[in-house]
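Here's the structure we're looking at; comments come further down.
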Amino acid sequence: MNQPTANELESTVDAATARQRSMAALRRLAEKRPVESLNYGEIAGEAGLPWQTVKRVLGPRDGLAALLSGEASGPLDTRDRVLEAAARVFARKGFLGASLDEVAADAGLTKGAVYWHFKSKNDLFFALLDSRFQGTAEQHVPDAVSPEALAADPKDSLKSLLCGVLSRVKEDPDWPRLFLEFMSQAREPEVRERLATAYRQTYRISADVIAQQHAARHQSPPADPALLATFWSALMDGLVMAWLVNPDIVDLDKIVPQLVDLLWRGLDPANARPAP
């Protein structure tokens, strides 16, 4: 298996965990050397994180001593404020219509504070994407491999999992609209690569879940788990897009169980149920 890149590693660690690990590493190193002599690379090596992540969650080097003494809380709260403001502004104005000035104003911060954490509007969206991805994985992956899910009928378990994922989409419809708008920027190499990285992570996690589910049931997957993960991801993307365009026609709660039943039987006409 290929080793994850720095960008992939960073996006799998949420901000709170990264800060905890960075602070623990800083304390250990500060017991051996003056804190003023430490650099981001050394702290990152001790924490097992990219140095860019350590810089982001701990802030300027001249503030490290204050962090250790408890006199400062670091920039994490500011970064979270920017992310929350960006989610609101992007939802109101769209990705193309929003500006970093508006994000800063909504967060009650200067534009410079926004640029301290994010180098561009694209970078800010990538952070929102990582946060969204992390939240979805943390919410649904444990349920998919829980003893209850593994003991249930496999088809019913799949229906429950897919409906659960789509329920989050329905609760926050601004996000898929924003994501589709951002996809239009994929002509830019940086955007295309970051989106590709996010999808690769989704495929990897989904494939692992599929393999775990079949192994726990002492079954062999009907196809390569990576292929199945790609298929289900593409199907869900297509359903969300169809729902956004025609919400009155595409009833996600109704159509997902029907699709699972259809796919479970197979598309061979010989398997079709006879007409009543």
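The way I read the labels, and the way they are meant: chains A, B, ... in the order of the structure tokens, residue 1 as the first residue of every chain, and ligand 1 as the first ligand shown, with later ones counted on from there.
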Next item on the list: Name the residues in contact with A:Ser146 at a cut-off of 12 Å, using only C-alpha atoms, excluding same-chain residues fewer than 3 positions from it; report them as a ChimeraX atom specification.
Entry: /A:139-143,149-152,157,161,209,212-213,216
Notebook entry, point to check: Contacts of stretch 91-100 of chain A at 9 Å or less, counting only C-alpha atoms, minus same-chain residues fewer than 3 places along, as a list in words?
Noted result: Ala86, Ala87, Arg88, Val103, Ala104, Ala105, Lys111, Val114, Tyr115, Ser120, Lys121, Phe125, Asp174, Trp175, Arg177, Leu178, Phe179, Glu181 and Phe182 of chain A
For the selection just defined, write its residues with N, CA, C and O atoms to a file, as a PDB file, in the first residue's frame.
```pdb
ATOM      1  N   ALA A  86     -16.778  30.978   7.087  1.00  0.00           N
ATOM      2  CA  ALA A  86     -16.704  30.607   5.676  1.00  0.00           C
ATOM      3  C   ALA A  86     -17.902  29.755   5.277  1.00  0.00           C
ATOM      4  O   ALA A  86     -18.480  29.947   4.196  1.00  0.00           O
ATOM      5  N   ALA A  87     -18.289  28.814   6.142  1.00  0.00           N
ATOM      6  CA  ALA A  87     -19.447  27.973   5.838  1.00  0.00           C
ATOM      7  C   ALA A  87     -20.702  28.822   5.675  1.00  0.00           C
ATOM      8  O   ALA A  87     -21.515  28.586   4.772  1.00  0.00           O
ATOM      9  N   ARG A  88     -20.843  29.832   6.530  1.00  0.00           N
ATOM     10  CA  ARG A  88     -22.033  30.699   6.441  1.00  0.00           C
ATOM     11  C   ARG A  88     -21.993  31.574   5.189  1.00  0.00           C
ATOM     12  O   ARG A  88     -22.987  31.700   4.469  1.00  0.00           O
ATOM     13  N   VAL A 103     -15.700  36.866   4.575  1.00  0.00           N
ATOM     14  CA  VAL A 103     -15.484  35.828   5.591  1.00  0.00           C
ATOM     15  C   VAL A 103     -14.887  36.449   6.848  1.00  0.00           C
ATOM     16  O   VAL A 103     -15.320  36.164   7.970  1.00  0.00           O
ATOM     17  N   ALA A 104     -13.896  37.322   6.664  1.00  0.00           N
ATOM     18  CA  ALA A 104     -13.268  37.974   7.811  1.00  0.00           C
ATOM     19  C   ALA A 104     -14.278  38.820   8.580  1.00  0.00           C
ATOM     20  O   ALA A 104     -14.320  38.794   9.815  1.00  0.00           O
ATOM     21  N   ALA A 105     -15.110  39.559   7.851  1.00  0.00           N
ATOM     22  CA  ALA A 105     -16.109  40.401   8.508  1.00  0.00           C
ATOM     23  C   ALA A 105     -17.112  39.563   9.281  1.00  0.00           C
ATOM     24  O   ALA A 105     -17.496  39.904  10.404  1.00  0.00           O
ATOM     25  N   LYS A 111      -8.715  40.654   7.742  1.00  0.00           N
ATOM     26  CA  LYS A 111      -8.388  39.791   6.608  1.00  0.00           C
ATOM     27  C   LYS A 111      -7.030  39.130   6.827  1.00  0.00           C
ATOM     28  O   LYS A 111      -6.807  37.985   6.410  1.00  0.00           O
ATOM     29  N   VAL A 114      -7.350  35.909   8.603  1.00  0.00           N
ATOM     30  CA  VAL A 114      -7.780  34.827   7.724  1.00  0.00           C
ATOM     31  C   VAL A 114      -6.593  34.293   6.935  1.00  0.00           C
ATOM     32  O   VAL A 114      -6.386  33.075   6.824  1.00  0.00           O
ATOM     33  N   TYR A 115      -5.771  35.192   6.409  1.00  0.00           N
ATOM     34  CA  TYR A 115      -4.621  34.779   5.617  1.00  0.00           C
ATOM     35  C   TYR A 115      -3.559  34.083   6.456  1.00  0.00           C
ATOM     36  O   TYR A 115      -2.719  33.354   5.917  1.00  0.00           O
ATOM     37  N   SER A 120      -5.564  31.110   0.579  1.00  0.00           N
ATOM     38  CA  SER A 120      -6.453  31.507  -0.509  1.00  0.00           C
ATOM     39  C   SER A 120      -7.866  31.022  -0.199  1.00  0.00           C
ATOM     40  O   SER A 120      -8.093  30.255   0.741  1.00  0.00           O
ATOM     41  N   LYS A 121      -8.802  31.447  -1.023  1.00  0.00           N
ATOM     42  CA  LYS A 121     -10.180  30.981  -0.869  1.00  0.00           C
ATOM     43  C   LYS A 121     -10.264  29.482  -1.152  1.00  0.00           C
ATOM     44  O   LYS A 121     -11.023  28.756  -0.500  1.00  0.00           O
ATOM     45  N   PHE A 125     -11.656  26.489   1.334  1.00  0.00           N
ATOM     46  CA  PHE A 125     -12.636  25.464   0.989  1.00  0.00           C
ATOM     47  C   PHE A 125     -12.079  24.072   1.242  1.00  0.00           C
ATOM     48  O   PHE A 125     -12.809  23.182   1.703  1.00  0.00           O
ATOM     49  N   ASP A 174     -27.088  23.074   1.554  1.00  0.00           N
ATOM     50  CA  ASP A 174     -26.170  24.077   1.017  1.00  0.00           C
ATOM     51  C   ASP A 174     -24.802  23.475   0.722  1.00  0.00           C
ATOM     52  O   ASP A 174     -24.109  23.940  -0.195  1.00  0.00           O
ATOM     53  N   TRP A 175     -24.409  22.457   1.510  1.00  0.00           N
ATOM     54  CA  TRP A 175     -23.079  21.884   1.293  1.00  0.00           C
ATOM     55  C   TRP A 175     -22.953  21.199  -0.069  1.00  0.00           C
ATOM     56  O   TRP A 175     -22.005  21.490  -0.810  1.00  0.00           O
ATOM     57  N   ARG A 177     -24.585  21.714  -2.759  1.00  0.00           N
ATOM     58  CA  ARG A 177     -24.632  22.755  -3.798  1.00  0.00           C
ATOM     59  C   ARG A 177     -23.282  23.456  -3.897  1.00  0.00           C
ATOM     60  O   ARG A 177     -22.786  23.732  -4.996  1.00  0.00           O
ATOM     61  N   LEU A 178     -22.702  23.750  -2.739  1.00  0.00           N
ATOM     62  CA  LEU A 178     -21.405  24.411  -2.711  1.00  0.00           C
ATOM     63  C   LEU A 178     -20.325  23.510  -3.304  1.00  0.00           C
ATOM     64  O   LEU A 178     -19.461  23.961  -4.070  1.00  0.00           O
ATOM     65  N   PHE A 179     -20.390  22.224  -2.975  1.00  0.00           N
ATOM     66  CA  PHE A 179     -19.395  21.284  -3.485  1.00  0.00           C
ATOM     67  C   PHE A 179     -19.475  21.183  -5.006  1.00  0.00           C
ATOM     68  O   PHE A 179     -18.447  21.180  -5.691  1.00  0.00           O
ATOM     69  N   GLU A 181     -20.561  23.453  -7.033  1.00  0.00           N
ATOM     70  CA  GLU A 181     -20.041  24.704  -7.586  1.00  0.00           C
ATOM     71  C   GLU A 181     -18.519  24.685  -7.599  1.00  0.00           C
ATOM     72  O   GLU A 181     -17.872  25.098  -8.573  1.00  0.00           O
ATOM     73  N   PHE A 182     -17.935  24.186  -6.521  1.00  0.00           N
ATOM     74  CA  PHE A 182     -16.477  24.153  -6.447  1.00  0.00           C
ATOM     75  C   PHE A 182     -15.887  23.170  -7.453  1.00  0.00           C
ATOM     76  O   PHE A 182     -14.771  23.377  -7.945  1.00  0.00           O
TER      77      PHE A 182
END
```
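Across A:Gln258, A:Gln201, A:Gln185, A:Gln134, the tightest approach to A:Ser233 is made by A:Gln201 when counting only C-alpha atoms.
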Notebook entry, point to check: When DSSP works through the backbone of this structure, what residues of stretch 138-225 of chain A end up as alpha helix (DSSP H), shown as a PyMOL selection string?
Noted result: chain A and resi 138-144+147-151+154-171+174-183+189-216+225
May I have the selected residues written with C-alpha atoms, as a PDB file, in the first residue's frame?
```pdb
ATOM      1  CA  GLU A 138     -16.431   9.583  12.278  1.00  0.00           C
ATOM      2  CA  GLN A 139     -20.238   9.498  12.224  1.00  0.00           C
ATOM      3  CA  HIS A 140     -20.919   6.612   9.854  1.00  0.00           C
ATOM      4  CA  VAL A 141     -17.898   4.271   9.768  1.00  0.00           C
ATOM      5  CA  PRO A 142     -18.242   3.034  13.385  1.00  0.00           C
ATOM      6  CA  ASP A 143     -21.947   2.344  12.789  1.00  0.00           C
ATOM      7  CA  ALA A 144     -21.191   0.340   9.633  1.00  0.00           C
ATOM      8  CA  PRO A 147     -21.790  -5.537  16.224  1.00  0.00           C
ATOM      9  CA  GLU A 148     -25.415  -4.537  15.630  1.00  0.00           C
ATOM     10  CA  ALA A 149     -24.817  -3.737  11.955  1.00  0.00           C
ATOM     11  CA  LEU A 150     -22.826  -6.917  11.377  1.00  0.00           C
ATOM     12  CA  ALA A 151     -25.519  -9.027  13.038  1.00  0.00           C
ATOM     13  CA  PRO A 154     -26.694  -7.389   5.091  1.00  0.00           C
ATOM     14  CA  LYS A 155     -29.208  -5.798   2.734  1.00  0.00           C
ATOM     15  CA  ASP A 156     -31.006  -3.988   5.548  1.00  0.00           C
ATOM     16  CA  SER A 157     -27.650  -2.881   6.965  1.00  0.00           C
ATOM     17  CA  LEU A 158     -26.681  -1.389   3.596  1.00  0.00           C
ATOM     18  CA  LYS A 159     -29.995   0.438   3.313  1.00  0.00           C
ATOM     19  CA  SER A 160     -29.539   1.897   6.784  1.00  0.00           C
ATOM     20  CA  LEU A 161     -25.974   3.017   6.050  1.00  0.00           C
ATOM     21  CA  LEU A 162     -26.802   4.730   2.757  1.00  0.00           C
ATOM     22  CA  CYS A 163     -29.922   6.407   4.140  1.00  0.00           C
ATOM     23  CA  GLY A 164     -27.883   7.656   7.075  1.00  0.00           C
ATOM     24  CA  VAL A 165     -25.287   9.244   4.807  1.00  0.00           C
ATOM     25  CA  LEU A 166     -27.946  10.889   2.668  1.00  0.00           C
ATOM     26  CA  SER A 167     -29.825  12.163   5.712  1.00  0.00           C
ATOM     27  CA  ARG A 168     -26.866  14.399   6.490  1.00  0.00           C
ATOM     28  CA  VAL A 169     -27.004  15.734   2.942  1.00  0.00           C
ATOM     29  CA  LYS A 170     -30.676  16.578   3.354  1.00  0.00           C
ATOM     30  CA  GLU A 171     -30.038  18.302   6.681  1.00  0.00           C
ATOM     31  CA  ASP A 174     -26.170  24.077   1.017  1.00  0.00           C
ATOM     32  CA  TRP A 175     -23.079  21.884   1.293  1.00  0.00           C
ATOM     33  CA  PRO A 176     -23.679  19.657  -1.786  1.00  0.00           C
ATOM     34  CA  ARG A 177     -24.632  22.755  -3.798  1.00  0.00           C
ATOM     35  CA  LEU A 178     -21.405  24.411  -2.711  1.00  0.00           C
ATOM     36  CA  PHE A 179     -19.395  21.284  -3.485  1.00  0.00           C
ATOM     37  CA  LEU A 180     -20.848  21.038  -6.991  1.00  0.00           C
ATOM     38  CA  GLU A 181     -20.041  24.704  -7.586  1.00  0.00           C
ATOM     39  CA  PHE A 182     -16.477  24.153  -6.447  1.00  0.00           C
ATOM     40  CA  MET A 183     -16.143  21.146  -8.749  1.00  0.00           C
ATOM     41  CA  PRO A 189      -4.419  21.436 -11.258  1.00  0.00           C
ATOM     42  CA  GLU A 190      -4.317  22.200  -7.519  1.00  0.00           C
ATOM     43  CA  VAL A 191      -8.083  21.934  -7.177  1.00  0.00           C
ATOM     44  CA  ARG A 192      -8.238  18.748  -9.231  1.00  0.00           C
ATOM     45  CA  GLU A 193      -5.518  17.096  -7.152  1.00  0.00           C
ATOM     46  CA  ARG A 194      -7.061  18.062  -3.817  1.00  0.00           C
ATOM     47  CA  LEU A 195     -10.460  16.788  -4.920  1.00  0.00           C
ATOM     48  CA  ALA A 196      -8.837  13.598  -6.183  1.00  0.00           C
ATOM     49  CA  THR A 197      -7.131  13.166  -2.809  1.00  0.00           C
ATOM     50  CA  ALA A 198     -10.443  13.566  -0.982  1.00  0.00           C
ATOM     51  CA  TYR A 199     -12.083  10.963  -3.211  1.00  0.00           C
ATOM     52  CA  ARG A 200      -9.163   8.554  -2.814  1.00  0.00           C
ATOM     53  CA  GLN A 201      -9.573   8.793   0.949  1.00  0.00           C
ATOM     54  CA  THR A 202     -13.304   8.140   0.627  1.00  0.00           C
ATOM     55  CA  TYR A 203     -12.680   5.093  -1.577  1.00  0.00           C
ATOM     56  CA  ARG A 204     -10.016   3.752   0.793  1.00  0.00           C
ATOM     57  CA  ILE A 205     -12.188   4.048   3.890  1.00  0.00           C
ATOM     58  CA  SER A 206     -15.256   2.608   2.126  1.00  0.00           C
ATOM     59  CA  ALA A 207     -13.240  -0.310   0.750  1.00  0.00           C
ATOM     60  CA  ASP A 208     -11.910  -1.080   4.234  1.00  0.00           C
ATOM     61  CA  VAL A 209     -15.446  -1.041   5.640  1.00  0.00           C
ATOM     62  CA  ILE A 210     -16.698  -3.368   2.886  1.00  0.00           C
ATOM     63  CA  ALA A 211     -13.816  -5.782   3.492  1.00  0.00           C
ATOM     64  CA  GLN A 212     -14.402  -5.733   7.261  1.00  0.00           C
ATOM     65  CA  GLN A 213     -18.114  -6.382   6.861  1.00  0.00           C
ATOM     66  CA  HIS A 214     -17.600  -9.412   4.626  1.00  0.00           C
ATOM     67  CA  ALA A 215     -14.758 -10.781   6.747  1.00  0.00           C
ATOM     68  CA  ALA A 216     -16.890 -10.536   9.899  1.00  0.00           C
ATOM     69  CA  PRO A 225     -13.808  -3.809  -2.390  1.00  0.00           C
TER      70      PRO A 225
END
```
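Of the listed residues (A:Ala18, A:Leu244, A:Ala107, A:Leu228), A:Ala18 comes nearest to A:Gln52; the distances count only C-alpha atoms.
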Would you list the contacts of A:Arg28 as a PDB file with C-alpha atoms, in the first residue's frame, taking every protein, DNA or RNA residue within 12 Å and counting only C-alpha atoms, but skipping same-chain residues closer than 5 positions in sequence?
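Below you can see around.pdb, which holds the result:
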```pdb
ATOM      1  CA  ARG A  21      -0.514  16.022  19.733  1.00  0.00           C
ATOM      2  CA  SER A  22       1.449  19.164  18.915  1.00  0.00           C
ATOM      3  CA  MET A  23       1.126  20.509  22.467  1.00  0.00           C
ATOM      4  CA  ARG A  33      15.719  22.317  25.567  1.00  0.00           C
ATOM      5  CA  PRO A  34      14.695  25.966  25.862  1.00  0.00           C
ATOM      6  CA  VAL A  35      11.409  26.468  24.069  1.00  0.00           C
ATOM      7  CA  LEU A  38      12.597  24.729  19.063  1.00  0.00           C
ATOM      8  CA  GLU A  42      11.311  19.262  15.443  1.00  0.00           C
ATOM      9  CA  ILE A  43       7.861  19.525  17.018  1.00  0.00           C
ATOM     10  CA  GLY A  45       8.738  15.023  14.061  1.00  0.00           C
ATOM     11  CA  GLU A  46       7.947  14.430  17.730  1.00  0.00           C
ATOM     12  CA  ALA A  47       4.182  14.679  17.110  1.00  0.00           C
ATOM     13  CA  LEU A  68       3.223  26.295  27.552  1.00  0.00           C
TER      14      LEU A  68
END
```
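Going from atom CA of A:Val54 to atom CA of A:Arg19 covers 7.4 Å.
The space between atom CA of A:Leu83 and atom CA of A:Leu128 spans 6.6 Å.
Our summary of the geometry notes that atom CA of A:Leu109 is positioned 8.2 Å from atom CA of A:Val82.
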